[in-house]
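Data from upload.txt: compact mmCIF, C-alpha atoms
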# COMPACT_ATOMS: atom_id res chain seq x y z
CA MET Q 1 -98.41 -107.65 -237.96
CA ASP Q 2 -96.47 -107.55 -241.25
CA THR Q 3 -98.71 -104.91 -242.83
CA VAL Q 4 -98.21 -102.43 -240.00
CA ASP Q 5 -96.20 -100.19 -242.31
CA LYS Q 6 -99.10 -100.07 -244.80
CA LEU Q 7 -101.71 -98.81 -242.33
CA ASN Q 8 -103.55 -95.60 -243.08
CA ASN Q 9 -105.73 -93.34 -240.95
CA VAL Q 10 -104.38 -94.63 -237.67
CA ILE Q 11 -104.77 -92.49 -234.58
CA LEU Q 12 -102.21 -93.04 -231.84
CA PHE Q 13 -103.35 -91.71 -228.47
CA ASP Q 14 -102.25 -91.66 -224.84
CA GLY Q 15 -103.91 -94.77 -223.42
CA GLU Q 16 -103.64 -93.51 -219.83
CA CYS Q 17 -105.33 -90.15 -220.38
CA ASN Q 18 -109.05 -89.68 -219.65
CA PHE Q 19 -109.30 -86.76 -222.07
CA CYS Q 20 -107.66 -88.83 -224.80
CA ASP Q 21 -110.04 -91.72 -224.13
CA HIS Q 22 -113.04 -89.38 -224.36
CA SER Q 23 -111.60 -87.97 -227.59
CA VAL Q 24 -111.35 -91.48 -229.08
CA GLN Q 25 -114.99 -92.14 -228.08
CA PHE Q 26 -116.00 -88.81 -229.63
CA ILE Q 27 -114.27 -89.75 -232.91
CA ILE Q 28 -115.79 -93.24 -232.99
CA LYS Q 29 -119.32 -91.83 -232.59
CA ARG Q 30 -118.79 -89.42 -235.50
CA ASP Q 31 -116.84 -91.71 -237.84
CA ALA Q 32 -119.75 -93.47 -239.59
CA GLN Q 33 -117.52 -95.05 -242.25
CA ALA Q 34 -115.13 -96.47 -239.64
CA LEU Q 35 -112.29 -94.67 -241.42
CA TYR Q 36 -110.04 -94.52 -238.37
CA LYS Q 37 -108.20 -97.26 -236.53
CA PHE Q 38 -106.77 -96.68 -233.06
CA ALA Q 39 -103.79 -97.74 -230.98
CA SER Q 40 -102.43 -96.41 -227.74
CA ILE Q 41 -98.97 -94.93 -227.91
CA GLN Q 42 -97.99 -97.21 -225.02
CA SER Q 43 -98.96 -100.40 -226.90
CA ASP Q 44 -96.47 -102.54 -228.81
CA ILE Q 45 -98.09 -101.66 -232.12
CA GLY Q 46 -98.15 -97.97 -231.18
CA GLN Q 47 -94.42 -98.08 -230.46
CA GLN Q 48 -93.79 -100.03 -233.66
CA LEU Q 49 -95.70 -97.46 -235.75
CA MET Q 50 -93.81 -94.59 -234.12
CA LYS Q 51 -90.54 -96.29 -235.04
CA ILE Q 52 -91.60 -97.06 -238.64
CA TYR Q 53 -92.72 -93.48 -239.24
CA ASN Q 54 -89.76 -91.97 -237.33
CA VAL Q 55 -91.96 -90.15 -234.83
CA PRO Q 56 -89.67 -88.66 -232.17
CA ASP Q 57 -90.07 -90.23 -228.71
CA ARG Q 58 -90.46 -86.80 -227.13
CA ILE Q 59 -93.76 -86.16 -228.97
CA ASP Q 60 -96.52 -85.69 -226.38
CA SER Q 61 -99.47 -85.52 -228.72
CA VAL Q 62 -102.16 -87.34 -230.60
CA ILE Q 63 -100.57 -88.74 -233.75
CA LEU Q 64 -102.36 -89.33 -237.04
CA ILE Q 65 -100.75 -91.60 -239.60
CA ARG Q 66 -102.14 -90.91 -243.06
CA ASN Q 67 -100.73 -91.43 -246.56
CA GLU Q 68 -97.26 -92.52 -245.42
CA LYS Q 69 -96.86 -89.40 -243.19
CA TYR Q 70 -97.52 -88.59 -239.57
CA TYR Q 71 -99.16 -85.49 -238.13
CA VAL Q 72 -99.06 -84.30 -234.53
CA LYS Q 73 -100.76 -81.79 -232.28
CA SER Q 74 -103.27 -79.42 -233.90
CA SER Q 75 -102.35 -80.60 -237.41
CA ALA Q 76 -103.37 -84.15 -236.47
CA ALA Q 77 -106.55 -83.03 -234.70
CA LEU Q 78 -107.69 -80.87 -237.61
CA ARG Q 79 -106.98 -83.59 -240.16
CA ILE Q 80 -108.92 -86.08 -238.04
CA CYS Q 81 -111.93 -83.74 -238.27
CA THR Q 82 -112.03 -84.23 -242.06
CA GLY Q 83 -113.21 -87.82 -241.54
CA LEU Q 84 -116.00 -86.99 -239.10
CA ASN Q 85 -119.69 -86.60 -239.87
CA GLY Q 86 -121.47 -83.29 -239.88
CA GLY Q 87 -120.05 -79.85 -239.30
CA TRP Q 88 -116.91 -81.17 -237.62
CA LYS Q 89 -115.27 -81.25 -241.07
CA LEU Q 90 -115.40 -77.44 -241.10
CA LEU Q 91 -112.89 -77.27 -238.24
CA TYR Q 92 -110.24 -78.27 -240.75
CA TYR Q 93 -110.34 -74.71 -242.09
CA LEU Q 94 -108.58 -73.63 -238.90
CA ILE Q 95 -105.50 -75.03 -240.64
CA ILE Q 96 -105.04 -71.50 -242.06
CA VAL Q 97 -104.18 -70.29 -238.55
CA PRO Q 98 -100.39 -70.42 -238.22
CA ARG Q 99 -99.33 -73.76 -236.75
CA ILE Q 100 -97.31 -72.10 -234.01
CA LEU Q 101 -100.48 -70.45 -232.67
CA ARG Q 102 -102.61 -73.59 -233.03
CA ASP Q 103 -99.97 -75.69 -231.31
CA MET Q 104 -99.63 -73.21 -228.43
CA VAL Q 105 -103.29 -73.83 -227.56
CA TYR Q 106 -102.83 -77.58 -228.10
CA ASP Q 107 -99.75 -77.62 -225.83
CA ILE Q 108 -101.63 -75.94 -222.97
CA LEU Q 109 -104.26 -78.67 -223.10
CA ALA Q 110 -101.67 -81.44 -223.48
CA ARG Q 111 -99.56 -80.18 -220.55
CA ASN Q 112 -102.57 -80.04 -218.24
CA ARG Q 113 -104.59 -83.04 -219.43
CA TYR Q 114 -103.80 -85.26 -216.44
CA LYS Q 115 -104.38 -82.46 -213.95
CA TRP Q 116 -107.67 -81.38 -215.55
CA PHE Q 117 -109.07 -84.75 -216.68
CA GLY Q 118 -107.12 -87.37 -214.71
CA LYS Q 119 -105.57 -90.70 -215.63
CA LYS Q 120 -107.33 -94.00 -216.25
CA ASP Q 121 -107.00 -96.94 -213.92
CA SER Q 122 -108.64 -99.36 -216.33
CA CYS Q 123 -109.61 -99.60 -219.97
CA MET Q 124 -113.11 -99.54 -221.36
CA LEU Q 125 -114.44 -102.76 -222.86
CA PRO Q 126 -115.61 -101.86 -226.35
CA SER Q 127 -118.27 -103.76 -228.28
CA PRO Q 128 -116.97 -106.28 -230.86
CA ASP Q 129 -117.69 -103.81 -233.71
CA ILE Q 130 -115.61 -101.12 -232.07
CA ARG Q 131 -112.95 -103.55 -230.78
CA LYS Q 132 -111.95 -104.45 -234.34
CA ARG Q 133 -111.00 -100.80 -234.91
CA PHE Q 134 -108.29 -101.01 -232.23
CA LEU Q 135 -104.92 -102.35 -233.31
CA GLY Q 136 -102.83 -104.62 -231.17

Let's see the structure in the file written out as structure tokens.
Amino acid sequence: MDTVDKLNNVILFDGECNFCDHSVQFIIKRDAQALYKFASIQSDIGQQLMKIYNVPDRIDSVILIRNEKYYVKSSAALRICTGLNGGWKLLYYLIIVPRILRDMVYDILARNRYKWFGKKDSCMLPSPDIRKRFLG
């Protein structure tokens, strides 16, 4: 894809993580304007986007690519909320909490996500409307 470097509002997620999969489904259901596109970090396009935006390999987080920048951990999650319907937008105001505190909570969840929620053995088969929102 030659326009991969021009993508905006792309969410990169751990494609093996049940919690991450449920999070993607949660976002899709609340993103009425289909603002977000998705790619797993493990996919070729996910790896290509990480390289283009200079995301360090050691990042173990959801990644939001928006306006030529990338956001990780709680900063990504809170920015994602701004595109969701309803009161979810209000969560963005938690951005005033110091990032180090927000990310400590995020890191606890991230470290334990496989233990608490498990890993996927297979991928869901999305409807054609939803499938076009997945890159790669």

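Of the listed residues (Q:Leu84, Q:Cys17, Q:Leu101, Q:Ile108), Q:Cys17 comes nearest to Q:Ile41; the distances count all atoms listed in the file.
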
Within 12 Å of stretch 44-51 of chain Q, counting only C-alpha atoms, which residues show up once you throw out same-chain ones fewer than 3 positions away? Write them as a PyMOL selection string, please. chain Q and resi 1-8+10-15+37-41+54-59+61-66+68-72+134-136

Those selected residues, please, written with C-alpha atoms and delivered as a PDB file, in the frame of the given file.
ATOM      1  CA  MET Q   1     -98.410-107.650-237.960  1.00  0.00           C
ATOM      2  CA  ASP Q   2     -96.470-107.550-241.250  1.00  0.00           C
ATOM      3  CA  THR Q   3     -98.710-104.910-242.830  1.00  0.00           C
ATOM      4  CA  VAL Q   4     -98.210-102.430-240.000  1.00  0.00           C
ATOM      5  CA  ASP Q   5     -96.200-100.190-242.310  1.00  0.00           C
ATOM      6  CA  LYS Q   6     -99.100-100.070-244.800  1.00  0.00           C
ATOM      7  CA  LEU Q   7    -101.710 -98.810-242.330  1.00  0.00           C
ATOM      8  CA  ASN Q   8    -103.550 -95.600-243.080  1.00  0.00           C
ATOM      9  CA  VAL Q  10    -104.380 -94.630-237.670  1.00  0.00           C
ATOM     10  CA  ILE Q  11    -104.770 -92.490-234.580  1.00  0.00           C
ATOM     11  CA  LEU Q  12    -102.210 -93.040-231.840  1.00  0.00           C
ATOM     12  CA  PHE Q  13    -103.350 -91.710-228.470  1.00  0.00           C
ATOM     13  CA  ASP Q  14    -102.250 -91.660-224.840  1.00  0.00           C
ATOM     14  CA  GLY Q  15    -103.910 -94.770-223.420  1.00  0.00           C
ATOM     15  CA  LYS Q  37    -108.200 -97.260-236.530  1.00  0.00           C
ATOM     16  CA  PHE Q  38    -106.770 -96.680-233.060  1.00  0.00           C
ATOM     17  CA  ALA Q  39    -103.790 -97.740-230.980  1.00  0.00           C
ATOM     18  CA  SER Q  40    -102.430 -96.410-227.740  1.00  0.00           C
ATOM     19  CA  ILE Q  41     -98.970 -94.930-227.910  1.00  0.00           C
ATOM     20  CA  ASN Q  54     -89.760 -91.970-237.330  1.00  0.00           C
ATOM     21  CA  VAL Q  55     -91.960 -90.150-234.830  1.00  0.00           C
ATOM     22  CA  PRO Q  56     -89.670 -88.660-232.170  1.00  0.00           C
ATOM     23  CA  ASP Q  57     -90.070 -90.230-228.710  1.00  0.00           C
ATOM     24  CA  ARG Q  58     -90.460 -86.800-227.130  1.00  0.00           C
ATOM     25  CA  ILE Q  59     -93.760 -86.160-228.970  1.00  0.00           C
ATOM     26  CA  SER Q  61     -99.470 -85.520-228.720  1.00  0.00           C
ATOM     27  CA  VAL Q  62    -102.160 -87.340-230.600  1.00  0.00           C
ATOM     28  CA  ILE Q  63    -100.570 -88.740-233.750  1.00  0.00           C
ATOM     29  CA  LEU Q  64    -102.360 -89.330-237.040  1.00  0.00           C
ATOM     30  CA  ILE Q  65    -100.750 -91.600-239.600  1.00  0.00           C
ATOM     31  CA  ARG Q  66    -102.140 -90.910-243.060  1.00  0.00           C
ATOM     32  CA  GLU Q  68     -97.260 -92.520-245.420  1.00  0.00           C
ATOM     33  CA  LYS Q  69     -96.860 -89.400-243.190  1.00  0.00           C
ATOM     34  CA  TYR Q  70     -97.520 -88.590-239.570  1.00  0.00           C
ATOM     35  CA  TYR Q  71     -99.160 -85.490-238.130  1.00  0.00           C
ATOM     36  CA  VAL Q  72     -99.060 -84.300-234.530  1.00  0.00           C
ATOM     37  CA  PHE Q 134    -108.290-101.010-232.230  1.00  0.00           C
ATOM     38  CA  LEU Q 135    -104.920-102.350-233.310  1.00  0.00           C
ATOM     39  CA  GLY Q 136    -102.830-104.620-231.170  1.00  0.00           C
TER      40      GLY Q 136
END

Please enclose the listed atoms of stretch 39-42 of chain Q in an axis-aligned box, pad each side by 3 Å, and write out the centre and the three edge lengths in Å, rounded to one decimal, as AutoDock Vina command-line options.
--center_x -100.9 --center_y -96.3 --center_z -228.0 --size_x 11.8 --size_y 8.8 --size_z 12.0

One residue among Q:Asn67, Q:Gly118, Q:Ile95, Q:Met104 is nearest to Q:Arg79 when using all atoms listed in the file, and that residue is Q:Ile95

Which distance in Å separates atom CA of Q:Leu94 and atom CA of Q:Thr82, to one decimal? 11.6 Å

If we count only C-alpha atoms and set the cut-off at 12 Å, which residues sit around Q:Lys119, ignoring sequence neighbours fewer than 3 positions away in its own chain? Please answer as a list in words.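 What passes the distance filter is Asp14, Gly15, Glu16, Cys17, Asn18, Phe19, Cys20, Asp21, His22, Asn112, Arg113, Tyr114, Lys115, Trp116, Ser122 and Cys123 of chain Q.
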
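Distance check against Q:Val97 using only C-alpha atoms: of Q:Ile52, Q:Ala32, Q:Leu78, Q:Ile27, the minimum falls on Q:Leu78.
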
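Comparing Q:Ile130, Q:Ser43, Q:Asp60, Q:Tyr92 by their smallest distance to Q:Lys29, the closest is Q:Ile130 (using all atoms listed in the file).
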
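Atom pair atom CA of Q:Ser74 / atom CA of Q:Leu35 has a distance of 19.2 Å (rounded to one decimal).
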